[in-house]
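Structure, as structure tokens:
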Amino acid sequence: MMYPYNQSNYSRNSMRNFKNLIGTNVSVNLGGPEKGEGTLLKVQSDFCVVQSDDGVVYYPLHHINGFAEQYEDESEESDDNEQNDNQNNQNNQNEDPIIVSGTRFGSVINRLKGETVQLNQGPKKIEGTVVGRTNSHILLEVDGQVTYVPSFHVQSMRWNYNNNDNDNNNDNNNNNENNNENNNNANNNDDNETRNQDRKKDECKRKKCKRRERRCD
């Protein structure tokens with residue numbers, strides 16, 4: 001059953017119904033490019049978070065025109081589909097989704113400053129780096145230019161944290177390589193110092209021997 005969501009009418013009841021679906025598979029919006037399906041992870045004061053096959057999606061509640069709990073039709077599922085579903089579920093369980101903290105959608109945007117996000121889907125989609133936020137707009141850097149996106153017209157937001165993790169991993173790998181080089185250089189310096197000390201000891205021994213020989217003569 002699809003529940004209509006309206007902040008002005010029946011907002012309390014719809015919010016309760018929506019929160020009761022946390023942890024279940026839901027369908028968000030009635031249709032169009034903003035229709036999404038996945039696991040409902042979180043419901044806050046003005047947005048919700050859904051984990052779909054494409055990643056974690058943040059939906060501002062004022063643009064959600066309906067939501068429904070999804071039920072699996074076990075009678076019509078084939079064995080192949082069940083195996084694929086099990087594999088997908090295992091992959092999803094192995095990777096815990098990262099949810100940006102915040103009680104309001106604006107606070108989430110503030111915490112994503114400097115990160116690459118996608119606002120909206122379909123022909124209204126725009127992707128860029130979060131530069132900042134005003135009371136009415138989200139500032140994105142797109143192709144070197146700062147674009148002001150009205151917050152009220154944002155219907156969904158995606159943050160691909162996997163790419164950021166890959167960048168961090170690359171940075172860590174580079175740092176590790178530099179550290180290894182520094183360690184190798186330090187080890188080489190230690191070896192050189194040890195050799196120099198051994199040479200000095202040998203020279204001292206030779207000088208002492210010569211002195212003794214002179215005394216004997």
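Following the order of the structure tokens, chains are lettered A, B, ..., residues in each are numbered from 1, and ligands are numbered from 1.
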Give me, as a PyMOL selection string, all polymer residues having an atom no more than 8 Å from Leu61 of chain A, counting only C-alpha atoms and skipping those fewer than 2 positions away in the same chain.
chain A and resi 7+46-48+59+63-64
Any idea what's packed within 6 Å of Val50 of chain A, counting only C-alpha atoms, ignoring anything in its chain fewer than 3 positions away? Could you give it as a VMD selection string? chain A and resid 38 to 41 56 to 57
Among A:Asn120, A:Thr134, A:Gln44, A:Gln70, Val100 of chain A is approached most closely, using only C-alpha atoms, by A:Gln44
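The two atoms in question, atom CA of Val142 of chain A and atom CA of Lys124 of chain A, are spaced 14.2 Å apart.
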If you count only C-alpha atoms, the residue of A:Gly102, A:Lys42, A:Ser14, A:Ile126 closest to Gly66 of chain A turns out to be A:Ser14
- Query: Using only C-alpha atoms, which residues sit within 9 Å of Gly132 of chain A once same-chain residues fewer than 2 positions away are excluded, as number ranges by chain?
  - Reply: A: 109-110, 112-114, 130, 134, 137-140
Atoms kept (C-alpha atoms) for selection, written as a short mmCIF file (atom, residue, chain, number, x, y, z; two decimals), in the first residue's frame:
data_model
loop_
_atom_site.label_atom_id
_atom_site.label_comp_id
_atom_site.auth_asym_id
_atom_site.auth_seq_id
_atom_site.Cartn_x
_atom_site.Cartn_y
_atom_site.Cartn_z
CA ILE A 109 25.10 19.50 3.53
CA ASN A 110 27.30 21.50 5.91
CA LEU A 112 29.74 17.42 3.28
CA LYS A 113 31.66 20.59 2.50
CA GLY A 114 34.51 19.71 0.16
CA VAL A 130 29.98 21.27 -1.99
CA THR A 134 23.10 29.78 2.49
CA HIS A 137 20.75 27.73 -1.63
CA ILE A 138 23.37 24.99 -1.81
CA LEU A 139 26.64 26.10 -3.37
CA LEU A 140 28.31 23.60 -5.71
#
- Query: Near Leu30 of chain A, within 8 Å and counting only C-alpha atoms, which residues show up once chain neighbours fewer than 5 positions away are dropped, as a list in words?
  - Reply: Lys35, Asn65, Gly66 and Phe67 of chain A
From the list A:Thr24, A:Gln118, A:Thr129, A:Asn17, the nearest residue to Gly55 of chain A using only C-alpha atoms is A:Gln118
Using only C-alpha atoms, the residue out of A:Gln145, A:Thr103, A:Ser156, A:Ser151 with shortest distance to Gln121 of chain A is A:Ser156
Helix (DSSP H, G or I) positions in segment 100-158 of chain A, given as a PDB file with N, CA and C atoms, in the first residue's frame:
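Result file is selection-v5.pdb:
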ATOM      1  N   PHE A 105      18.418  18.434   6.919  1.00  0.00           N
ATOM      2  CA  PHE A 105      19.110  18.245   5.649  1.00  0.00           C
ATOM      3  C   PHE A 105      20.221  19.275   5.470  1.00  0.00           C
ATOM      4  N   GLY A 106      19.983  20.496   5.941  1.00  0.00           N
ATOM      5  CA  GLY A 106      21.002  21.537   5.819  1.00  0.00           C
ATOM      6  C   GLY A 106      22.263  21.211   6.591  1.00  0.00           C
ATOM      7  N   SER A 107      22.119  20.620   7.762  1.00  0.00           N
ATOM      8  CA  SER A 107      23.294  20.254   8.556  1.00  0.00           C
ATOM      9  C   SER A 107      24.087  19.136   7.886  1.00  0.00           C
ATOM     10  N   VAL A 108      23.392  18.252   7.160  1.00  0.00           N
ATOM     11  CA  VAL A 108      24.087  17.206   6.399  1.00  0.00           C
ATOM     12  C   VAL A 108      24.934  17.836   5.297  1.00  0.00           C
ATOM     13  N   ILE A 109      24.358  18.804   4.585  1.00  0.00           N
ATOM     14  CA  ILE A 109      25.096  19.499   3.529  1.00  0.00           C
ATOM     15  C   ILE A 109      26.320  20.201   4.114  1.00  0.00           C
ATOM     16  N   ASN A 110      26.167  20.814   5.273  1.00  0.00           N
ATOM     17  CA  ASN A 110      27.299  21.499   5.907  1.00  0.00           C
ATOM     18  C   ASN A 110      28.444  20.531   6.187  1.00  0.00           C
ATOM     19  N   ARG A 111      28.117  19.320   6.604  1.00  0.00           N
ATOM     20  CA  ARG A 111      29.153  18.337   6.929  1.00  0.00           C
ATOM     21  C   ARG A 111      29.812  17.751   5.678  1.00  0.00           C
ATOM     22  N   GLY A 122      17.696  12.254 -13.109  1.00  0.00           N
ATOM     23  CA  GLY A 122      17.055  12.562 -14.372  1.00  0.00           C
ATOM     24  C   GLY A 122      17.604  13.835 -14.995  1.00  0.00           C
ATOM     25  N   PRO A 123      16.776  14.578 -15.739  1.00  0.00           N
ATOM     26  CA  PRO A 123      17.265  15.786 -16.431  1.00  0.00           C
ATOM     27  C   PRO A 123      17.679  16.910 -15.489  1.00  0.00           C
ATOM     28  N   LYS A 124      17.233  16.878 -14.225  1.00  0.00           N
ATOM     29  CA  LYS A 124      17.581  17.928 -13.260  1.00  0.00           C
ATOM     30  C   LYS A 124      18.837  17.585 -12.459  1.00  0.00           C
ATOM     31  N   SER A 151      17.663  25.231  -2.383  1.00  0.00           N
ATOM     32  CA  SER A 151      17.497  24.080  -1.489  1.00  0.00           C
ATOM     33  C   SER A 151      16.105  23.481  -1.602  1.00  0.00           C
ATOM     34  N   PHE A 152      15.106  24.324  -1.843  1.00  0.00           N
ATOM     35  CA  PHE A 152      13.736  23.827  -1.893  1.00  0.00           C
ATOM     36  C   PHE A 152      13.524  22.892  -3.074  1.00  0.00           C
ATOM     37  N   HIS A 153      14.300  23.060  -4.141  1.00  0.00           N
ATOM     38  CA  HIS A 153      14.110  22.254  -5.345  1.00  0.00           C
ATOM     39  C   HIS A 153      14.987  21.002  -5.363  1.00  0.00           C
TER      40      HIS A 153
END
Using only C-alpha atoms, the shortest atom-to-atom distance to Pro97 of chain A among A:Ala68, A:Val49, A:Val117, A:Val131 belongs to A:Val49
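Atom to atom, atom CA of Pro33 of chain A and atom CA of Asp143 of chain A stand 24.1 Å apart.
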